[in-house]
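Undergrad: Quick one: structure below, then a few questions.
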Number of protein chains: 2
Amino acid sequence: MSKTFEKLQPYLDKSMALQTARNLFEWDDQTTAPFEAAEYTSKVIGILSDEYMKSMVNDDVRKLLKKLQEDKEQEELTETEKAIVKELGKTYEQLESIPPEEYRAFSELTSVSSRRWAKAKKDNKFDDFAPYLKKVIEFKKKFAGYRAKKDKTPYEILLGDYDECFMMKELDTFFDRVKAEIIPLLKEVAKKSETIDKSYNYLNYDIEKQKEFCKYLSGYVGFDFNRGVIAESAHPFTLQLHNHDVRITDRYMEDNLESAMFSIIHESGHAIYEMNIDDAITQTLVGGGASMGMHESQSRFYENIIGRSKSFWEPIYGKLVDTYPDNLKNIDLDHFIKGINKAAPNLIRTEADELSYSIHIIVRYEIEKMIFNDEVAVEELPEIWNKKYQEYMGITPSSDAEGILQDTHWSWGEFGYFPSYAIGTAVASQIHACIMEKMPLDDYLKEGNLIPIREFLRDYIHKYGAVKNTNQILQEVCGEEFNVEYYVNYLKEKYTKLYGL
Amino acid sequence: MSKTFEKLQPYLDKSMALQTARNLFEWDDQTTAPFEAAEYTSKVIGILSDEYMKSMVNDDVRKLLKKLQEDKEQEELTETEKAIVKELGKTYEQLESIPPEEYRAFSELTSVSSRRWAKAKKDNKFDDFAPYLKKVIEFKKKFAGYRAKKDKTPYEILLGDYDECFMMKELDTFFDRVKAEIIPLLKEVAKKSETIDKSYNYLNYDIEKQKEFCKYLSGYVGFDFNRGVIAESAHPFTLQLHNHDVRITDRYMEDNLESAMFSIIHESGHAIYEMNIDDAITQTLVGGGASMGMHESQSRFYENIIGRSKSFWEPIYGKLVDTYPDNLKNIDLDHFIKGINKAAPNLIRTEADELSYSIHIIVRYEIEKMIFNDEVAVEELPEIWNKKYQEYMGITPSSDAEGILQDTHWSWGEFGYFPSYAIGTAVASQIHACIMEKMPLDDYLKEGNLIPIREFLRDYIHKYGAVKNTNQILQEVCGEEFNVEYYVNYLKEKYTKLYGL
């Protein structure tokens with residue numbers, strides 16, 4: 001082992017331990033902690049965060065990192081170590097670039113602005129949130145500016161934090177194709193979609209039975225209960241301590257059958273990724289997924305591409321009907337498949353169907369670009385938002401609450417994050433196309449045998465963690481980098497067939 | 001504020017945060033974590049523990065502590081700060097006294113010996129455990145030896161770690177009285193006890209209903225659900241992150257009504273203590289209970305003294321009968337009270353009744369004294385154990401599994417810990433007697449009004465945390481230090497009346 005890398009190890013271990021502790025507090029806060037705990041627990045988390053910063057950003061680490069980035073040292077490193085050094089370089093630059101007092105001021109601001117956002121959304125008053133959003137944007141511009149380079153704008157710095165393979169050039173190409181192909185398709189589908197009766201989905205579905213069926217679904221797709229647990233929270237999410245401890249949550253609604261089912265398949269997709277990262281790299285800086293987008297590709301592959309296919313449900317739909325015979329006895333499999341794939345223009349991203357989902361992302365991406373190019377004032381955002389929804393979806397929000405105020409992300413300063421959702425969904429289609437060439441996917445699904453799929457994803461994607469980036473993984477799986485055409489073809493083929501267009 | 005104390009604060013804060021994180025991992029391990037997580041999570045906990053050690057034991061803290069212990073500095077300190085300095089002194093001495101490599105070897109040993117103990121208990125083979133127990137004892141003797149002083153034997157050093165007010169002299173006096181008074185009483189009670197029909201307790205009791213009733217009981221005695229949560233675990237326990245986040249667990253058995261109910265009252269007693277510690281001292285070194293014994297006094301006060309009284313059940317027994325009408329409709333309140341107070345000689349400490357409980361502790365205490373006085377070889381322990389049970393209880397274990405092997409404590413090196421249980425139960429009786437002088441306790445219980453009791457305990461005991469020790473608190477509550485006669489009188493009066501002796 002490289003002596004320099006060896007010297008770095010204790011710093012990496014310490015920051016890993018502190019980060020794992022923070023993750024556990026996060027899990028606990030969302031699933032368990034009592035209502036009044038936060039005030040005192042936040043003191044603990046603050047100290048752990050400071051210690052994390054100190055273990056990552058200090059003179060020793062700076063010197064070791066600089067040395068390890070030299071050509072001579074690089075020669076002594078394994079591929080994994082190189083990836084760790086690269087990742088550390090990015091994290092270090094990110095953490096070091098912001099003066100601590102500014103970072104603290106920003107944290108205090110987002111803690112207030114996120115609460116203001118929640119209130120403004122509830123009251124449907126964008127004006128109450130606007131001053132805070134303005135300040136958050138100012139901070140983000142300043143922070144990104146600290147790292148901006150000749151070849152990257154501040155917005156691209158933010159995009160790069162989520163996926164280094166997708167800068168504005170790549171995203172523009174991607175989204176232009178989606179707009180050209182999917183907007184017209186969505187309009188056609190919308191006309192037919194009205195004839196699908198989905199009232200069965202909103203009957204009364206016993207929560208305990210939902211929990212049991214969702215647990216079954218999770219295990220069915222490959223969630224390993226020896227390495228993971230399921231809990232409840234207000235919004236479903238996945239969180240890992242390491243590859244042997246991966247946790248997901250779900251939310252159950254008595255009057256909605258689909259919601260919890262597809263959430264659990266989605267989160268199980270994230271969890272299967274984390275559970276199958278190699279033992280050798282878990283608990284390192286490259287021990288998570290390759291990128292936000294790649295992670296999202298796995299959750300959406302399971303949720304949408306497999307999970308909403310007829311082949312997937314063929315062996316198990318009977319079990320669902322048996323669970324709720326009164327509600328489902330007259331709904332045959334074809335009806336159910338049409339129901340879970342019902343698509344139409346809609347206003348709320350988190351409730352969007354597979355076909356329209358990317359359109360929601362494009363609206364946000366275009367607005368974020370305008371914000372960071374100084375092409376728009378915060379006050380103008382609601383109008384621009386509404387115009388874009390009218391233009392792309394043919395519908396206009398009746399209020400800011402169901403328009404510009406619907407997402408919490410911006411109140412936390414999360415700009416550059418939304419594209420990951422669209423990248424994920426498109427990458428999933430590309431991987432799907434390549435898997436189909438390599439195995440009889442539909443046959444496996446019809447047999448209820450998801451093992452070959454999971455093993456393929458493990459061997460080509462999961463085990464590498466973040467040692468490879470999104471395009472390197474796609475190159476391995478498909479022999480080519482990201483290509484939007486797979487996504488366009490997938491949606492066109494699926495919806496044309498499903499709706500008999 | 002004292003400048004020296006101010007300099008100490010960051011070290012105290014950091015160790016508090018790391019300790020809180022370790023507590024959360026402990027909670028998570030017992031209630032949530034998946035089966036295979038331990039191997040990887042233990043790496044995280046190991047690093048957090050090292051960091052905790054570093055934040056507590058270092059040159060800066062040593063110097064600051066030494067300075068703060070000087071008379072001149074003491075004058076500048078508040079009562080709370082003085083108590084913190086005193087507590088830090090004890091903790092520091094304890095942590096510093098053991099060379100790190102020996103401590104590591106000991107940790108590795110107990111990790112093995114505890115597993116060996118579990119196997120030996122299962123296989124009923126003391127000989128398989130004996131070599132490990134021997135090594136554990138050697139370590140504990142050595143460790144205690146590092147801190148032994150002119151006026152304290154090694155065993156007293158260990159006793160002092162749990163309660164500084166109870167050295168061998170105090171415990172000998174205490175236990176001699178118990179032996180003289182309770183052993184004969186227990187024999188008398190045993191004869192009458194056989195006539196109490198308790199078969200109702202072992203019928204089938206729906207687990208979900210048990211959970212609901214236990215939650216009700218917990219809230220009834222004063223557990224605050226805004227500051228606490230209840231979960232399930234293999235053995236009931238209480239754990240706090242701070243006074244606004246106190247967690248308890250319970251275990252439910254379908255064929256035992258009492259078990260979960262009295263466990264939840266017991267743990268709620270611990271929790272009420274922690275929840276009522278003053279905001280100003282939570283998250284400090286004196287932010288927990290005054291001692292193991294004082295903590296146990298509160299859990300046992302709620303569980304046994306209040307919780308097994310007729311007045312307590314008068315307003316709520318009907319609710320229990322309504323929960324299980326088939327099982328309880330023919331069991332009237334008097335019958336139920338006799339049932340929950342059924343007492344007789346018995347072999348297993350954790351299943352012991354209130355009357356015989358201290359006898360179990362005395363056996364362990366006497367054996368621990370012999371061990372640390374080098375008066376016994378490990379090989380002889382089973383025989384000595386069995387003889388003592390025969391002498392005090394009139395019964396002999398039929399196997400080591402229900403004899404010397406029944407408790408896990410020694411396999412972890414926990415010597416000097418058992419007496420706390422007896423101290424707690426005796427202290428509870430003393431507090432009870434003093435409360436009765438100050439308020440109409442029975443009337444309150446009959447009215448279902450537990451608030452005055454909880455407020456009294458808060459104002460005289462809980463709020464102080466560990467600022468006062470056991471005797472200082474008893475002095476405040478009762479105007480005198482620990483006095484075993486309250487305990488003897490309580491048991492004699494209660495059981496004479498209950499059994500018509």
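Note on naming: chains are A, B, ... as they come in the structure tokens, residues start from 1 per chain, ligands start from 1 in the order shown.
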Residues of chain B within 8 Å of chain A, counting only C-alpha atoms - could you list those as a PyMOL selection string?

TA: chain B and resi 13-14+16-18+20-21+24-25+32-37+40-41+43-45+47-48+225-229+241-242+244-245

Undergrad: Hey, can you spit out that residue selection with N, CA, C and O atoms as a tab-separated table (two decimals), in the first residue's frame?

TA:
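Saved to out-v7.tsv:
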chain	number	residue	atom	x	y	z
B	13	ASP	N	-18.28	19.10	25.81
B	13	ASP	CA	-19.30	19.06	24.76
B	13	ASP	C	-18.99	17.95	23.75
B	13	ASP	O	-19.87	17.21	23.33
B	14	LYS	N	-17.73	17.89	23.36
B	14	LYS	CA	-17.36	16.89	22.36
B	14	LYS	C	-17.59	15.48	22.90
B	14	LYS	O	-18.15	14.62	22.20
B	16	MET	N	-19.62	14.61	25.21
B	16	MET	CA	-21.07	14.41	25.31
B	16	MET	C	-21.66	14.00	23.97
B	16	MET	O	-22.44	13.06	23.87
B	17	ALA	N	-21.25	14.71	22.91
B	17	ALA	CA	-21.79	14.39	21.57
B	17	ALA	C	-21.41	12.97	21.15
B	17	ALA	O	-22.24	12.22	20.63
B	18	LEU	N	-20.17	12.60	21.40
B	18	LEU	CA	-19.74	11.26	21.00
B	18	LEU	C	-20.43	10.19	21.84
B	18	LEU	O	-20.81	9.13	21.33
B	20	THR	N	-23.42	10.53	23.17
B	20	THR	CA	-24.81	10.48	22.70
B	20	THR	C	-24.90	9.65	21.42
B	20	THR	O	-25.83	8.86	21.25
B	21	ALA	N	-23.93	9.81	20.55
B	21	ALA	CA	-23.92	9.01	19.31
B	21	ALA	C	-23.79	7.53	19.65
B	21	ALA	O	-24.50	6.69	19.08
B	24	LEU	N	-27.06	6.27	20.79
B	24	LEU	CA	-28.02	6.06	19.70
B	24	LEU	C	-27.70	4.75	18.95
B	24	LEU	O	-28.62	4.01	18.59
B	25	PHE	N	-26.43	4.47	18.73
B	25	PHE	CA	-26.07	3.19	18.09
B	25	PHE	C	-26.51	2.01	18.96
B	25	PHE	O	-26.96	0.99	18.45
B	32	THR	N	-33.53	-1.93	16.17
B	32	THR	CA	-33.77	-1.72	14.75
B	32	THR	C	-32.79	-2.40	13.82
B	32	THR	O	-33.21	-3.03	12.85
B	33	ALA	N	-31.51	-2.27	14.07
B	33	ALA	CA	-30.48	-2.63	13.10
B	33	ALA	C	-30.66	-4.04	12.55
B	33	ALA	O	-31.05	-4.94	13.28
B	34	PRO	N	-30.40	-4.21	11.24
B	34	PRO	CA	-30.54	-5.55	10.66
B	34	PRO	C	-29.46	-6.50	11.17
B	34	PRO	O	-28.41	-6.07	11.66
B	35	PHE	N	-29.76	-7.78	11.03
B	35	PHE	CA	-28.95	-8.85	11.60
B	35	PHE	C	-27.47	-8.76	11.23
B	35	PHE	O	-26.58	-8.96	12.07
B	36	GLU	N	-27.17	-8.47	9.98
B	36	GLU	CA	-25.78	-8.55	9.53
B	36	GLU	C	-25.00	-7.23	9.69
B	36	GLU	O	-23.85	-7.13	9.28
B	37	ALA	N	-25.63	-6.24	10.28
B	37	ALA	CA	-24.98	-4.91	10.34
B	37	ALA	C	-23.78	-4.87	11.28
B	37	ALA	O	-22.82	-4.13	11.06
B	40	TYR	N	-19.80	-4.39	10.48
B	40	TYR	CA	-19.35	-3.12	9.91
B	40	TYR	C	-19.63	-1.94	10.85
B	40	TYR	O	-18.85	-1.01	10.94
B	41	THR	N	-20.76	-2.02	11.52
B	41	THR	CA	-21.10	-0.93	12.44
B	41	THR	C	-20.12	-0.88	13.61
B	41	THR	O	-19.81	0.20	14.13
B	43	LYS	N	-17.05	-1.19	13.57
B	43	LYS	CA	-15.90	-0.35	13.18
B	43	LYS	C	-16.20	1.13	13.49
B	43	LYS	O	-15.35	1.86	14.00
B	44	VAL	N	-17.40	1.53	13.15
B	44	VAL	CA	-17.83	2.92	13.41
B	44	VAL	C	-17.82	3.20	14.91
B	44	VAL	O	-17.27	4.21	15.37
B	45	ILE	N	-18.40	2.28	15.67
B	45	ILE	CA	-18.48	2.48	17.12
B	45	ILE	C	-17.09	2.50	17.73
B	45	ILE	O	-16.80	3.30	18.64
B	47	ILE	N	-14.35	3.59	16.36
B	47	ILE	CA	-13.74	4.90	16.10
B	47	ILE	C	-14.37	5.98	16.99
B	47	ILE	O	-13.66	6.81	17.57
B	48	LEU	N	-15.69	5.94	17.13
B	48	LEU	CA	-16.34	6.93	18.00
B	48	LEU	C	-15.86	6.77	19.45
B	48	LEU	O	-15.68	7.76	20.17
B	225	PHE	N	-44.90	11.32	26.06
B	225	PHE	CA	-44.65	10.84	24.69
B	225	PHE	C	-44.12	11.93	23.76
B	225	PHE	O	-43.70	11.64	22.66
B	226	ASN	N	-44.14	13.18	24.21
B	226	ASN	CA	-43.48	14.22	23.42
B	226	ASN	C	-41.97	14.19	23.60
B	226	ASN	O	-41.22	14.80	22.85
B	227	ARG	N	-41.53	13.52	24.65
B	227	ARG	CA	-40.10	13.45	24.96
B	227	ARG	C	-39.59	12.02	24.96
B	227	ARG	O	-38.46	11.76	25.41
B	228	GLY	N	-40.40	11.09	24.52
B	228	GLY	CA	-39.95	9.71	24.59
B	228	GLY	C	-40.67	8.80	23.63
B	228	GLY	O	-41.73	9.17	23.09
B	229	VAL	N	-40.13	7.63	23.41
B	229	VAL	CA	-40.76	6.63	22.55
B	229	VAL	C	-40.64	5.26	23.23
B	229	VAL	O	-39.77	5.03	24.06
B	241	LEU	N	-30.99	10.00	25.23
B	241	LEU	CA	-30.01	10.83	24.54
B	241	LEU	C	-29.81	12.12	25.34
B	241	LEU	O	-28.73	12.70	25.36
B	242	HIS	N	-30.89	12.58	25.94
B	242	HIS	CA	-30.89	13.73	26.85
B	242	HIS	C	-32.28	13.79	27.47
B	242	HIS	O	-33.09	12.89	27.21
B	244	HIS	N	-34.86	15.37	26.83
B	244	HIS	CA	-35.99	15.50	25.90
B	244	HIS	C	-36.08	14.33	24.93
B	244	HIS	O	-36.82	14.39	23.95
B	245	ASP	N	-35.29	13.30	25.17
B	245	ASP	CA	-35.34	12.13	24.30
B	245	ASP	C	-34.97	10.90	25.13
B	245	ASP	O	-33.80	10.52	25.23

Undergrad: Would you mind listing what lies within 12 Å of B:Leu445 as a list in words, with only C-alpha atoms counted and same-chain residues fewer than 2 positions away left out?

TA: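 So the residues in contact are Tyr220, Val221, Tyr302, Ile305, Ile306, Gly307, Arg308, Ser309, Lys310, Ser311, Phe312, Trp313, Glu314, Pro315, Ile316, Met436, Met439, Pro440, Leu441, Asp442, Asp443, Glu447, Gly448, Asn449, Leu450, Ile451, Pro452, Ile453 and Arg454 of chain B.
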
Undergrad: Write a file of the just-selected residues containing N, CA and C atoms, as a PDB file, in the first residue's frame.

TA:
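Final output, saved to part.pdb:
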ATOM      1  N   TYR B 220     -50.023   6.672  31.857  1.00  0.00           N
ATOM      2  CA  TYR B 220     -50.755   6.829  33.124  1.00  0.00           C
ATOM      3  C   TYR B 220     -49.820   7.191  34.270  1.00  0.00           C
ATOM      4  N   VAL B 221     -48.645   6.536  34.300  1.00  0.00           N
ATOM      5  CA  VAL B 221     -47.716   6.841  35.401  1.00  0.00           C
ATOM      6  C   VAL B 221     -46.908   8.105  35.133  1.00  0.00           C
ATOM      7  N   TYR B 302     -42.038   2.847  41.164  1.00  0.00           N
ATOM      8  CA  TYR B 302     -43.208   2.783  40.271  1.00  0.00           C
ATOM      9  C   TYR B 302     -43.684   1.342  40.058  1.00  0.00           C
ATOM     10  N   ILE B 305     -43.814  -0.582  44.461  1.00  0.00           N
ATOM     11  CA  ILE B 305     -44.460   0.061  45.601  1.00  0.00           C
ATOM     12  C   ILE B 305     -45.781   0.680  45.188  1.00  0.00           C
ATOM     13  N   ILE B 306     -45.759   1.446  44.105  1.00  0.00           N
ATOM     14  CA  ILE B 306     -47.029   1.951  43.583  1.00  0.00           C
ATOM     15  C   ILE B 306     -47.719   0.874  42.751  1.00  0.00           C
ATOM     16  N   GLY B 307     -46.982   0.335  41.796  1.00  0.00           N
ATOM     17  CA  GLY B 307     -47.583  -0.484  40.729  1.00  0.00           C
ATOM     18  C   GLY B 307     -48.198  -1.786  41.188  1.00  0.00           C
ATOM     19  N   ARG B 308     -47.778  -2.296  42.341  1.00  0.00           N
ATOM     20  CA  ARG B 308     -48.387  -3.542  42.826  1.00  0.00           C
ATOM     21  C   ARG B 308     -49.319  -3.292  44.013  1.00  0.00           C
ATOM     22  N   SER B 309     -49.714  -2.006  44.186  1.00  0.00           N
ATOM     23  CA  SER B 309     -50.634  -1.691  45.297  1.00  0.00           C
ATOM     24  C   SER B 309     -52.079  -1.729  44.821  1.00  0.00           C
ATOM     25  N   LYS B 310     -52.962  -1.998  45.745  1.00  0.00           N
ATOM     26  CA  LYS B 310     -54.386  -2.058  45.408  1.00  0.00           C
ATOM     27  C   LYS B 310     -54.905  -0.676  44.988  1.00  0.00           C
ATOM     28  N   SER B 311     -54.413   0.358  45.669  1.00  0.00           N
ATOM     29  CA  SER B 311     -54.892   1.712  45.358  1.00  0.00           C
ATOM     30  C   SER B 311     -54.581   2.091  43.906  1.00  0.00           C
ATOM     31  N   PHE B 312     -53.412   1.666  43.431  1.00  0.00           N
ATOM     32  CA  PHE B 312     -53.019   1.980  42.056  1.00  0.00           C
ATOM     33  C   PHE B 312     -53.989   1.363  41.058  1.00  0.00           C
ATOM     34  N   TRP B 313     -54.377   0.130  41.323  1.00  0.00           N
ATOM     35  CA  TRP B 313     -55.197  -0.594  40.347  1.00  0.00           C
ATOM     36  C   TRP B 313     -56.681  -0.282  40.471  1.00  0.00           C
ATOM     37  N   GLU B 314     -57.102   0.263  41.595  1.00  0.00           N
ATOM     38  CA  GLU B 314     -58.537   0.524  41.784  1.00  0.00           C
ATOM     39  C   GLU B 314     -59.166   1.277  40.613  1.00  0.00           C
ATOM     40  N   PRO B 315     -58.583   2.405  40.193  1.00  0.00           N
ATOM     41  CA  PRO B 315     -59.244   3.130  39.090  1.00  0.00           C
ATOM     42  C   PRO B 315     -59.037   2.500  37.715  1.00  0.00           C
ATOM     43  N   ILE B 316     -58.103   1.581  37.545  1.00  0.00           N
ATOM     44  CA  ILE B 316     -57.800   1.116  36.179  1.00  0.00           C
ATOM     45  C   ILE B 316     -57.958  -0.387  35.967  1.00  0.00           C
ATOM     46  N   MET B 436     -45.291   9.322  52.133  1.00  0.00           N
ATOM     47  CA  MET B 436     -46.558   9.105  52.831  1.00  0.00           C
ATOM     48  C   MET B 436     -46.753  10.113  53.951  1.00  0.00           C
ATOM     49  N   MET B 439     -47.813  13.522  51.879  1.00  0.00           N
ATOM     50  CA  MET B 439     -49.023  13.657  51.051  1.00  0.00           C
ATOM     51  C   MET B 439     -49.919  12.432  51.223  1.00  0.00           C
ATOM     52  N   PRO B 440     -51.197  12.586  50.909  1.00  0.00           N
ATOM     53  CA  PRO B 440     -52.122  11.446  51.002  1.00  0.00           C
ATOM     54  C   PRO B 440     -51.957  10.553  49.766  1.00  0.00           C
ATOM     55  N   LEU B 441     -50.856   9.800  49.752  1.00  0.00           N
ATOM     56  CA  LEU B 441     -50.475   9.029  48.571  1.00  0.00           C
ATOM     57  C   LEU B 441     -51.578   8.095  48.082  1.00  0.00           C
ATOM     58  N   ASP B 442     -52.144   7.343  49.041  1.00  0.00           N
ATOM     59  CA  ASP B 442     -53.168   6.381  48.645  1.00  0.00           C
ATOM     60  C   ASP B 442     -54.395   7.044  48.026  1.00  0.00           C
ATOM     61  N   ASP B 443     -54.762   8.186  48.590  1.00  0.00           N
ATOM     62  CA  ASP B 443     -55.922   8.902  48.029  1.00  0.00           C
ATOM     63  C   ASP B 443     -55.646   9.308  46.590  1.00  0.00           C
ATOM     64  N   GLU B 447     -57.604   8.084  43.208  1.00  0.00           N
ATOM     65  CA  GLU B 447     -58.228   9.058  42.289  1.00  0.00           C
ATOM     66  C   GLU B 447     -57.625   8.969  40.889  1.00  0.00           C
ATOM     67  N   GLY B 448     -56.583   8.179  40.752  1.00  0.00           N
ATOM     68  CA  GLY B 448     -55.901   8.108  39.451  1.00  0.00           C
ATOM     69  C   GLY B 448     -55.098   9.363  39.171  1.00  0.00           C
ATOM     70  N   ASN B 449     -54.718  10.050  40.232  1.00  0.00           N
ATOM     71  CA  ASN B 449     -53.966  11.296  40.072  1.00  0.00           C
ATOM     72  C   ASN B 449     -52.510  11.088  40.488  1.00  0.00           C
ATOM     73  N   LEU B 450     -51.649  10.844  39.536  1.00  0.00           N
ATOM     74  CA  LEU B 450     -50.246  10.569  39.870  1.00  0.00           C
ATOM     75  C   LEU B 450     -49.364  11.813  39.762  1.00  0.00           C
ATOM     76  N   ILE B 451     -49.995  12.936  39.434  1.00  0.00           N
ATOM     77  CA  ILE B 451     -49.204  14.155  39.224  1.00  0.00           C
ATOM     78  C   ILE B 451     -48.474  14.622  40.493  1.00  0.00           C
ATOM     79  N   PRO B 452     -49.163  14.668  41.656  1.00  0.00           N
ATOM     80  CA  PRO B 452     -48.441  15.149  42.848  1.00  0.00           C
ATOM     81  C   PRO B 452     -47.224  14.273  43.177  1.00  0.00           C
ATOM     82  N   ILE B 453     -47.348  12.974  42.935  1.00  0.00           N
ATOM     83  CA  ILE B 453     -46.243  12.055  43.217  1.00  0.00           C
ATOM     84  C   ILE B 453     -45.070  12.372  42.277  1.00  0.00           C
ATOM     85  N   ARG B 454     -45.390  12.518  40.998  1.00  0.00           N
ATOM     86  CA  ARG B 454     -44.336  12.781  40.014  1.00  0.00           C
ATOM     87  C   ARG B 454     -43.664  14.132  40.297  1.00  0.00           C
TER      88      ARG B 454
END

Undergrad: Which residue out of A:Tyr273, A:Tyr486, A:Tyr444, A:Tyr162 has the minimum interatomic distance to A:Gly465 when only C-alpha atoms are used?

TA: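 When distances to A:Gly465 are compared using only C-alpha atoms, the smallest one comes from A:Tyr273.
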
Undergrad: Which residue is closest to B:Pro154? Choose from B:Glu402, B:Glu368, B:Glu455, B:Asp172 and count only C-alpha atoms.

TA: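 Checking each candidate against B:Pro154, we get B:Glu368 as the closest.
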